[in-house]
Structures are given as structure tokens and as C-alpha cells.
>>> print(open('entry08.txt').read())   # compact mmCIF, C-alpha atoms
# COMPACT_ATOMS: atom_id res chain seq x y z
CA MET R 25 136.10 106.47 105.84
CA LEU R 26 134.65 104.88 102.71
CA SER R 27 137.65 102.58 102.29
CA PHE R 28 137.15 100.95 105.69
CA ASP R 29 133.37 100.73 105.24
CA LEU R 30 133.79 98.99 101.90
CA PHE R 31 136.27 96.54 103.33
CA GLU R 32 133.99 95.74 106.25
CA LEU R 33 131.10 95.22 103.84
CA ALA R 34 133.20 92.77 101.81
CA GLN R 35 134.02 90.82 104.96
CA HIS R 36 130.33 90.49 105.82
CA GLN R 37 129.39 89.40 102.30
CA ASN R 38 132.00 86.69 101.82
CA PRO R 39 130.15 83.46 100.94
CA THR R 40 130.85 79.93 102.12
CA PRO R 41 131.55 77.14 99.62
CA GLY R 42 128.33 75.78 98.15
CA GLU R 43 126.22 78.65 99.43
CA SER R 44 123.39 79.94 97.24
CA LEU R 45 124.63 82.61 94.79
CA GLU R 46 128.25 81.79 95.67
CA ASP R 47 129.53 82.90 92.26
CA ALA R 48 127.76 86.28 92.34
CA LYS R 49 128.64 86.93 95.99
CA SER R 50 132.27 86.04 95.41
CA ARG R 51 132.43 88.45 92.47
CA ARG R 52 130.93 91.29 94.54
CA VAL R 53 133.38 90.68 97.39
CA ILE R 54 136.37 90.77 95.04
CA SER R 55 135.17 93.97 93.40
CA THR R 56 134.44 95.60 96.76
CA VAL R 57 137.85 94.71 98.19
CA TYR R 58 139.56 96.26 95.18
CA TYR R 59 137.56 99.46 95.51
CA ALA R 60 138.24 99.59 99.25
CA VAL R 61 141.99 99.57 98.54
CA PHE R 62 141.63 102.09 95.71
CA HIS R 63 139.65 104.45 97.96
CA LEU R 64 142.33 104.10 100.64
CA LEU R 65 144.81 105.52 98.10
CA CYS R 66 142.38 108.30 97.17
CA GLU R 67 141.94 109.20 100.84
CA THR R 68 145.70 109.22 101.38
CA LEU R 69 146.16 111.71 98.57
CA ALA R 70 143.37 113.93 99.82
CA ASP R 71 144.92 113.87 103.31
CA GLN R 72 148.33 114.75 101.89
CA LEU R 73 147.37 117.43 99.41
CA GLY R 74 144.38 119.13 100.96
CA PRO R 75 143.87 118.31 104.61
CA ASP R 76 142.05 121.59 105.26
CA VAL R 77 140.12 122.18 102.05
CA GLY R 78 136.73 120.97 103.19
CA ALA R 79 134.57 118.05 102.15
CA VAL R 80 133.60 119.17 98.64
CA LEU R 81 137.15 119.72 97.38
CA ARG R 82 138.32 116.66 99.23
CA TYR R 83 135.85 114.44 97.35
CA ARG R 84 136.75 116.11 94.06
CA MET R 85 140.45 115.50 94.69
CA GLN R 86 139.71 111.86 95.33
CA ARG R 87 138.20 111.63 91.85
CA ALA R 88 141.51 112.70 90.31
CA LEU R 89 143.21 109.36 90.82
CA LYS R 90 143.04 107.06 87.79
CA HIS R 91 143.05 103.29 88.04
CA ALA R 92 145.35 102.87 85.02
CA ASP R 93 147.87 105.37 86.41
CA VAL R 94 148.09 103.56 89.74
CA ARG R 95 148.52 100.29 87.91
CA GLU R 96 151.34 101.67 85.78
CA VAL R 97 153.27 102.89 88.81
CA CYS R 98 152.61 99.60 90.58
CA ALA R 99 153.84 97.60 87.58
CA SER R 100 157.12 99.48 87.79
CA LEU R 101 157.45 99.12 91.58
CA ALA R 102 156.55 95.42 91.47
CA ASN R 103 159.49 94.91 89.10
CA GLY R 104 161.79 96.72 91.50
CA LYS R 105 162.03 99.77 89.24
CA LEU R 106 161.23 103.34 90.21
CA PRO R 107 158.95 105.20 87.82
CA LYS R 108 160.56 108.18 86.09
CA PHE R 109 158.88 110.62 88.48
CA LEU R 110 160.61 109.02 91.48
CA GLU R 111 164.06 108.43 89.96
CA GLY R 112 166.78 109.88 92.17
CA THR R 113 164.44 110.41 95.11
CA MET R 114 165.02 107.04 96.76
CA VAL R 115 167.79 104.49 96.43
CA VAL R 116 165.70 101.40 95.88
CA VAL R 117 162.04 100.45 95.79
CA PRO R 118 161.07 99.93 99.45
CA LEU R 119 160.09 96.32 100.19
CA GLN R 120 156.69 97.41 101.50
CA ALA R 121 156.07 99.33 98.27
CA LYS R 122 156.95 96.29 96.19
CA ALA R 123 154.61 94.12 98.27
CA PHE R 124 151.79 96.66 97.99
CA ALA R 125 152.33 97.08 94.24
CA GLU R 126 152.16 93.34 93.61
CA ALA R 127 148.97 93.05 95.65
CA PHE R 128 147.37 96.05 93.95
CA MET R 129 148.05 94.67 90.48
CA GLU R 130 146.60 91.31 91.36
CA LEU R 131 143.56 92.86 93.06
CA GLN R 132 142.88 95.03 90.02
CA GLU R 133 143.14 92.13 87.61
CA ARG R 134 140.93 89.97 89.82
CA ARG R 135 138.41 92.81 89.94
CA HIS R 136 138.34 93.00 86.15
CA VAL R 137 137.76 89.27 85.84
CA ALA R 138 135.11 89.29 88.57
CA ASP R 139 133.21 92.20 87.05
CA TYR R 140 133.58 91.53 83.33
CA ASP R 141 134.31 87.84 82.66
CA ALA R 142 130.89 86.23 82.97
CA GLY R 143 132.21 82.89 81.73
CA SER R 144 134.64 82.45 84.57
CA PRO R 145 133.00 80.87 87.64
CA HIS R 146 134.05 82.30 91.01
CA SER R 147 134.30 80.44 94.30
CA ALA R 148 134.33 81.35 97.96
CA TYR R 149 138.05 80.42 97.85
CA ASP R 150 138.64 83.14 95.27
CA SER R 151 136.98 85.82 97.37
CA GLY R 152 138.48 84.52 100.63
CA ALA R 153 141.99 84.78 99.19
CA VAL R 154 141.26 88.27 97.83
CA LEU R 155 139.89 89.40 101.20
CA LEU R 156 143.10 88.35 102.93
CA MET R 157 145.22 89.94 100.19
CA GLY R 158 143.20 93.14 100.54
CA SER R 159 143.61 93.13 104.30
CA GLU R 160 147.37 92.81 103.92
CA ALA R 161 147.42 95.54 101.26
CA PHE R 162 145.52 97.84 103.65
CA SER R 163 147.94 97.18 106.44
CA THR R 164 151.00 97.61 104.22
CA TRP R 165 149.77 100.86 102.68
CA ARG R 166 148.83 102.34 106.06
CA LYS R 167 152.40 101.79 107.27
CA LEU R 168 153.94 102.96 104.01
CA ARG R 169 151.98 106.21 103.82
CA GLU R 170 153.49 107.27 107.15
CA THR R 171 156.96 107.34 105.54
CA PRO R 172 158.46 109.94 103.16
CA ASP R 173 158.90 107.24 100.51
CA GLY R 174 155.27 106.23 100.88
CA ARG R 175 154.09 109.80 100.49
CA ALA R 176 156.25 110.19 97.39
CA ILE R 177 154.75 107.03 95.93
CA ALA R 178 151.25 108.35 96.61
CA LEU R 179 152.15 111.47 94.61
CA ALA R 180 153.53 109.28 91.85
CA PHE R 181 150.14 107.58 91.56
CA LEU R 182 148.67 110.97 90.78
CA VAL R 183 151.29 112.60 88.56
CA ALA R 184 153.75 109.99 87.25
CA ARG R 185 151.98 109.84 83.90
CA GLN R 186 152.92 113.49 83.24
CA PHE R 187 156.62 112.64 83.66
CA LYS R 188 156.81 109.71 81.25
CA GLY R 189 159.64 110.28 78.83
CA LYS R 190 160.78 113.53 80.44
CA MET D 30 155.09 88.69 64.82
CA ALA D 31 152.25 86.47 66.02
CA ALA D 32 154.60 83.48 66.17
CA VAL D 33 157.14 85.41 68.22
CA GLU D 34 154.43 86.57 70.58
CA LYS D 35 153.20 83.01 70.97
CA ASN D 36 156.71 81.75 71.72
CA ILE D 37 157.17 84.37 74.43
CA GLN D 38 153.92 83.36 76.04
CA THR D 39 154.66 79.65 75.83
CA SER D 40 158.01 80.24 77.40
CA ASP D 41 156.48 82.09 80.34
CA GLU D 42 153.84 79.41 80.73
CA GLU D 43 156.53 76.73 80.89
CA ILE D 44 158.50 78.70 83.46
CA VAL D 45 155.42 79.11 85.65
CA ARG D 46 154.71 75.38 85.27
CA LYS D 47 158.20 74.61 86.57
CA ALA D 48 157.62 76.99 89.47
CA VAL D 49 154.33 75.29 90.36
CA GLU D 50 155.88 71.83 90.05
CA SER D 51 158.69 72.87 92.40
CA GLU D 52 156.15 73.57 95.15
CA THR D 53 156.42 70.19 96.84
CA PRO D 54 154.69 69.13 98.86
CA MET D 55 151.78 71.18 97.65
CA PRO D 56 149.22 72.06 100.35
CA ALA D 57 146.95 69.07 100.96
CA ILE D 58 143.86 71.11 100.07
CA ILE D 59 145.00 71.42 96.42
CA THR D 60 143.89 68.60 94.14
CA SER D 61 145.07 69.91 90.76
CA TYR D 62 146.01 73.03 88.86
CA LYS D 63 145.75 74.58 85.40
CA ILE D 64 148.16 77.05 83.79
CA GLU D 65 147.06 79.20 80.86
CA SER D 66 148.64 81.89 78.72
CA THR D 67 146.24 84.77 78.49
CA TYR D 68 146.12 88.56 78.42
CA ASP D 69 145.45 90.89 81.29
CA TYR D 70 142.80 93.59 81.13
CA GLU D 71 145.34 96.02 79.68
CA GLY D 72 145.96 93.61 76.81
CA GLU D 73 149.41 92.58 77.99
CA PRO D 74 150.47 88.91 78.00
CA ALA D 75 149.79 87.25 81.34
CA THR D 76 149.82 83.81 82.90
CA LEU D 77 146.81 82.60 84.84
CA VAL D 78 147.25 79.79 87.35
CA THR D 79 144.10 78.14 88.69
CA PHE D 80 144.44 75.91 91.72
CA TYR D 81 141.55 73.56 92.48
CA VAL D 82 140.62 73.13 96.13
CA LYS D 83 139.45 69.84 97.67
CA GLN D 84 135.69 69.51 98.20
CA GLY D 85 134.63 70.29 101.75
CA THR D 86 137.55 72.61 102.51
CA PRO D 87 136.28 75.55 104.60
CA ALA D 88 136.89 79.00 103.07
CA GLY D 89 138.30 80.55 106.24
CA THR D 90 141.40 82.56 106.93
CA GLU D 91 143.65 79.50 107.19
CA THR D 92 142.66 78.34 103.72
CA ALA D 93 143.06 81.85 102.28
CA LYS D 94 146.49 82.09 103.91
CA ALA D 95 147.60 78.77 102.43
CA LEU D 96 146.35 79.75 98.97
CA ASN D 97 147.99 83.17 99.02
CA GLU D 98 151.28 81.78 100.31
CA LEU D 99 151.26 79.22 97.50
CA SER D 100 150.55 81.94 94.92
CA SER D 101 153.22 84.19 96.32
CA ALA D 102 155.80 81.38 96.28
CA VAL D 103 154.95 80.52 92.67
CA ARG D 104 155.19 84.16 91.63
CA LYS D 105 158.58 84.60 93.30
CA LYS D 106 159.94 81.38 91.83
CA SER D 107 158.60 82.24 88.36
CA ARG D 108 160.31 85.64 88.44
CA ALA D 109 163.54 84.05 89.67
CA LEU D 110 163.38 81.59 86.76
CA GLY D 111 162.95 84.44 84.28
CA ALA D 112 159.22 84.84 83.77
CA THR D 113 158.41 88.39 82.74
CA ASN D 114 154.65 88.33 82.17
CA PHE D 115 152.17 89.29 84.86
CA GLN D 116 150.97 86.27 86.82
CA TYR D 117 147.68 86.02 88.62
CA PHE D 118 145.90 83.27 90.47
CA ARG D 119 142.40 81.80 90.78
CA PHE D 120 141.01 79.19 93.13
CA GLY D 121 138.31 76.84 91.94
CA LYS D 122 136.46 73.95 93.49
CA SER D 123 137.45 70.40 92.56
CA ALA D 124 134.84 68.59 90.50
>>> encode(input="entry08.txt", output="C-alpha cells")
Amino acid sequence: MLSFDLFELAQHQNPTPGESLEDAKSRRVISTVYYAVFHLLCETLADQLGPDVGAVLRYRMQRALKHADVREVCASLANGKLPKFLEGTMVVVPLQAKAFAEAFMELQERRHVADYDAGSPHSAYDSGAVLLMGSEAFSTWRKLRETPDGRAIALAFLVARQFKGK
Amino acid sequence: MAAVEKNIQTSDEEIVRKAVESETPMPAIITSYKIESTYDYEGEPATLVTFYVKQGTPAGTETAKALNELSSAVRKKSRALGATNFQYFRFGKSA
């Protein structure tokens, strides 16, 4: 699975403080951890929606998930609020979903800073903290996706945008 | 409008400052911190907290755990005190 390979790569690349190219390595680790988590969500959706469709369609389905859409759903869940698409389908935002949503939002923001903000030096502490956060997000999502609420949230990542205001 | 926006941001920044200050004792590896009002990548107001880590601290799992627990505690406290902006955290090296 690409998600696991990316995460393992990030673990191997994490620099130590003071190491040569620490800033660049730290940035790459942060970006890779974020993409590992994002691909985990993509893989979940492909597993849910098309387990038997074959590799080509599976990869195409994985391309359907949009970063901004996941973030929007996560912003709602992190605030303890169900997005419109999920209203009435669960009583409250599950604690694991809230924890995952908070981690996802932070990972995405950290990825943006790491990839686009050249004036912001990065340290091995930055990437070390992101690696641990990513590891916890992996673990949380893998438990969550085994539950009906988790599967509903995965669908929300894909389609919640279509239900805004309806 | 700009003044109102600024006031909202300042207010959140002050709330987050209180949340950070309430974290006593702070982990021994932290030497200082900086709190800034900023915008996230989506253009929404956000608060960035940078903690500076003592020279020579190893960047292993224990350090990462301490840093993430500190961030998580500050985020929870900030929300409880009424902060509404997105908060995120960075970890720099002490000069």
C-alpha cells in the first residue's frame, strides 16, 4: 500500500538535530507524512466503494478525493459538529473522528508551510513531532474505518461538498 | 472591517497566550515560545505557536511525544477559553 510505504520512507528520512540539510529533510518528511495519511484515506474509499473493480479503476477512484474537501469535513468534525451530509446519521461526533480531524488539519497546514514557506526554517523537532502525529493519525483512522461511523465519515470526505446548503 | 478582523485575531492570540502560560511547569526541553496571529493556507485567521527546544535535545520519540502533548494541551485549553481560530504548532531550535 502506498500509504504505508510513504510513511515508512518518512521514518527513514527523519533527520537528527544539526544534521546536514536538516531543514530540507525535515520539510520532505513533513510533506511525506501528510501524503501518507491522505493516501490512507484514498485507499479506504477505494476499498469501500470498489473492492472488486480492478487496479485501474481503483487508482482512478483514489484520485477523486480532494484535499480541500477532506479539510472542510475535518474542520467541522474537529469543532464537534457533523457536516450537513452526516446530520441525523450519528448522535455526536465520535471521539476518534474528532482526534483524527484535528490531526489531519494540523498535518495539512504543516505540509503547506513545509512545501511553500521557504522563509520558515524547519527543524528535526518539527518533523519528529509530525511523524508521531502521523503515526497516531494512521492508527486512529485504521480503527475508525472499521466502524459504521468511520465509513460514513470516509464517504463524507468524498461527497459532503455536494450537500452544502441542501 | 480590517480593524474588526484585527481585534478578533488579537483576542485569539491573547487567549492562546493565556493557555500557553497556564502550562506550568512547561517541559524542561522548552526554553521559550512565540505566538503569532497569521492566516492558514485557506486564508482563514489562525494562531501559530512556536516552541523553542533546548540545544542538544535529541529528536526521538520521547521528545516528539512531549512536544505533541504540550501542543494538544494548549489547543484544548485555548478552545476551552474561547479561541475560535485554527491553532498550529512549530518547534524550533533555541539560539
>>> residues_around(input="entry08.txt", residues="D:Pro87", least_positions_apart="2", cutoff="12 Å", atoms="all atoms listed in the file", output="list in words")
Pro39, Thr40, Pro41, Gly42, Glu43, Ser147, Ala148, Tyr149 and Gly152 of chain R; Ile58, Val82, Lys83, Gln84, Gly85, Gly89, Thr90, Glu91, Thr92, Ala93, Ala95 and Lys122 of chain D
>>> atom_distance(input="entry08.txt", atom1="atom CA of R:Leu65", atom2="atom CA of D:Lys94")
24.2 Å
>>> interface_residues(input="entry08.txt", of="chain D", to="chain R", cutoff="7 Å", atoms="all atoms listed in the file", output="list in words")
Asp69, Tyr70, Ala88, Gly89, Ala93, Leu96, Asn97, Tyr117, Arg119, Phe120, Gly121 and Lys122 of chain D
>>> closest_residue(input="entry08.txt", among="D:Arg108, D:Thr113, D:Leu99, D:Ala124", to="D:Pro56", atoms="all atoms listed in the file")
D:Leu99
>>> closest_residue(input="entry08.txt", among="R:Asp139, R:Asp173, R:Asp93, R:Glu46", to="R:Gln120", atoms="all atoms listed in the file")
R:Asp173
>>> atom_distance(input="entry08.txt", atom1="atom CA of D:Ala109", atom2="atom CA of D:Glu50")
14.4 Å
>>> atom_distance(input="entry08.txt", atom1="atom CA of R:Tyr58", atom2="atom CA of D:Ile59")
25.5 Å
>>> residues_around(input="entry08.txt", residues="D:Ser66", least_positions_apart="6", cutoff="7 Å", atoms="all atoms listed in the file", output="PDB file with C-alpha atoms, in the frame of the given file")
ATOM      1  CA  GLN D  38     153.920  83.360  76.040  1.00  0.00           C
ATOM      2  CA  GLU D  42     153.840  79.410  80.730  1.00  0.00           C
ATOM      3  CA  ALA D  75     149.790  87.250  81.340  1.00  0.00           C
ATOM      4  CA  THR D  76     149.820  83.810  82.900  1.00  0.00           C
ATOM      5  CA  LEU D  77     146.810  82.600  84.840  1.00  0.00           C
TER       6      LEU D  77
END
>>> residues_near_point(input="entry08.txt", point="(142.4, 77.5, 85.2)", cutoff="6 Å", atoms="all atoms listed in the file", output="ChimeraX atom specification")
/D:63-64,78-79
>>> closest_residue(input="entry08.txt", among="D:Ser61, D:Ser51, D:Thr86, D:Ser40", to="D:Lys105", atoms="only C-alpha atoms")
D:Ser51
>>> closest_residue(input="entry08.txt", among="R:Val77, R:Gln37, R:Phe128, R:Glu67", to="R:Val53", atoms="all atoms listed in the file")
R:Gln37
>>> closest_residue(input="entry08.txt", among="R:Met114, R:Arg87, R:Gly78, R:Ala125", to="R:Thr171", atoms="only C-alpha atoms")
R:Met114
>>> decode(input="entry08.txt", residues="stretch 76-94 of chain D", atoms="N, CA and C atoms", output="PDB file, in the first residue's frame")
ATOM      1  N   THR D  76      -3.679  30.924  14.521  1.00  0.00           N
ATOM      2  CA  THR D  76      -2.669  31.300  15.517  1.00  0.00           C
ATOM      3  C   THR D  76      -1.548  30.271  15.466  1.00  0.00           C
ATOM      4  N   LEU D  77      -0.350  30.763  15.262  1.00  0.00           N
ATOM      5  CA  LEU D  77       0.825  29.884  15.202  1.00  0.00           C
ATOM      6  C   LEU D  77       1.614  30.019  16.499  1.00  0.00           C
ATOM      7  N   VAL D  78       1.851  28.890  17.147  1.00  0.00           N
ATOM      8  CA  VAL D  78       2.683  28.875  18.356  1.00  0.00           C
ATOM      9  C   VAL D  78       3.983  28.147  18.014  1.00  0.00           C
ATOM     10  N   THR D  79       5.108  28.828  18.236  1.00  0.00           N
ATOM     11  CA  THR D  79       6.408  28.176  18.026  1.00  0.00           C
ATOM     12  C   THR D  79       7.073  27.977  19.383  1.00  0.00           C
ATOM     13  N   PHE D  80       7.371  26.741  19.689  1.00  0.00           N
ATOM     14  CA  PHE D  80       8.126  26.439  20.907  1.00  0.00           C
ATOM     15  C   PHE D  80       9.581  26.209  20.509  1.00  0.00           C
ATOM     16  N   TYR D  81      10.493  26.772  21.299  1.00  0.00           N
ATOM     17  CA  TYR D  81      11.923  26.589  21.013  1.00  0.00           C
ATOM     18  C   TYR D  81      12.515  25.552  21.963  1.00  0.00           C
ATOM     19  N   VAL D  82      13.215  24.594  21.357  1.00  0.00           N
ATOM     20  CA  VAL D  82      13.721  23.435  22.098  1.00  0.00           C
ATOM     21  C   VAL D  82      15.195  23.636  22.457  1.00  0.00           C
ATOM     22  N   LYS D  83      15.537  23.243  23.674  1.00  0.00           N
ATOM     23  CA  LYS D  83      16.897  23.406  24.206  1.00  0.00           C
ATOM     24  C   LYS D  83      17.931  22.717  23.305  1.00  0.00           C
ATOM     25  N   GLN D  84      19.045  23.400  23.100  1.00  0.00           N
ATOM     26  CA  GLN D  84      20.150  22.830  22.299  1.00  0.00           C
ATOM     27  C   GLN D  84      20.557  21.471  22.860  1.00  0.00           C
ATOM     28  N   GLY D  85      20.824  20.536  21.994  1.00  0.00           N
ATOM     29  CA  GLY D  85      21.320  19.234  22.426  1.00  0.00           C
ATOM     30  C   GLY D  85      20.226  18.222  22.729  1.00  0.00           C
ATOM     31  N   THR D  86      18.967  18.666  22.688  1.00  0.00           N
ATOM     32  CA  THR D  86      17.867  17.730  22.935  1.00  0.00           C
ATOM     33  C   THR D  86      17.765  16.750  21.764  1.00  0.00           C
ATOM     34  N   PRO D  87      17.753  15.443  22.026  1.00  0.00           N
ATOM     35  CA  PRO D  87      17.606  14.501  20.905  1.00  0.00           C
ATOM     36  C   PRO D  87      16.204  14.605  20.298  1.00  0.00           C
ATOM     37  N   ALA D  88      16.085  14.300  19.015  1.00  0.00           N
ATOM     38  CA  ALA D  88      14.779  14.420  18.347  1.00  0.00           C
ATOM     39  C   ALA D  88      14.088  13.062  18.267  1.00  0.00           C
ATOM     40  N   GLY D  89      14.109  12.315  19.347  1.00  0.00           N
ATOM     41  CA  GLY D  89      13.493  10.985  19.340  1.00  0.00           C
ATOM     42  C   GLY D  89      12.011  11.021  19.686  1.00  0.00           C
ATOM     43  N   THR D  90      11.487   9.821  19.875  1.00  0.00           N
ATOM     44  CA  THR D  90      10.051   9.694  20.143  1.00  0.00           C
ATOM     45  C   THR D  90       9.644  10.387  21.441  1.00  0.00           C
ATOM     46  N   GLU D  91      10.501  10.309  22.462  1.00  0.00           N
ATOM     47  CA  GLU D  91      10.145  10.926  23.744  1.00  0.00           C
ATOM     48  C   GLU D  91       9.978  12.435  23.604  1.00  0.00           C
ATOM     49  N   THR D  92      10.890  13.037  22.842  1.00  0.00           N
ATOM     50  CA  THR D  92      10.804  14.490  22.621  1.00  0.00           C
ATOM     51  C   THR D  92       9.543  14.815  21.822  1.00  0.00           C
ATOM     52  N   ALA D  93       9.306  14.050  20.758  1.00  0.00           N
ATOM     53  CA  ALA D  93       8.121  14.291  19.927  1.00  0.00           C
ATOM     54  C   ALA D  93       6.850  14.160  20.763  1.00  0.00           C
ATOM     55  N   LYS D  94       6.851  13.158  21.649  1.00  0.00           N
ATOM     56  CA  LYS D  94       5.671  12.938  22.497  1.00  0.00           C
ATOM     57  C   LYS D  94       5.448  14.149  23.417  1.00  0.00           C
TER      58      LYS D  94
END
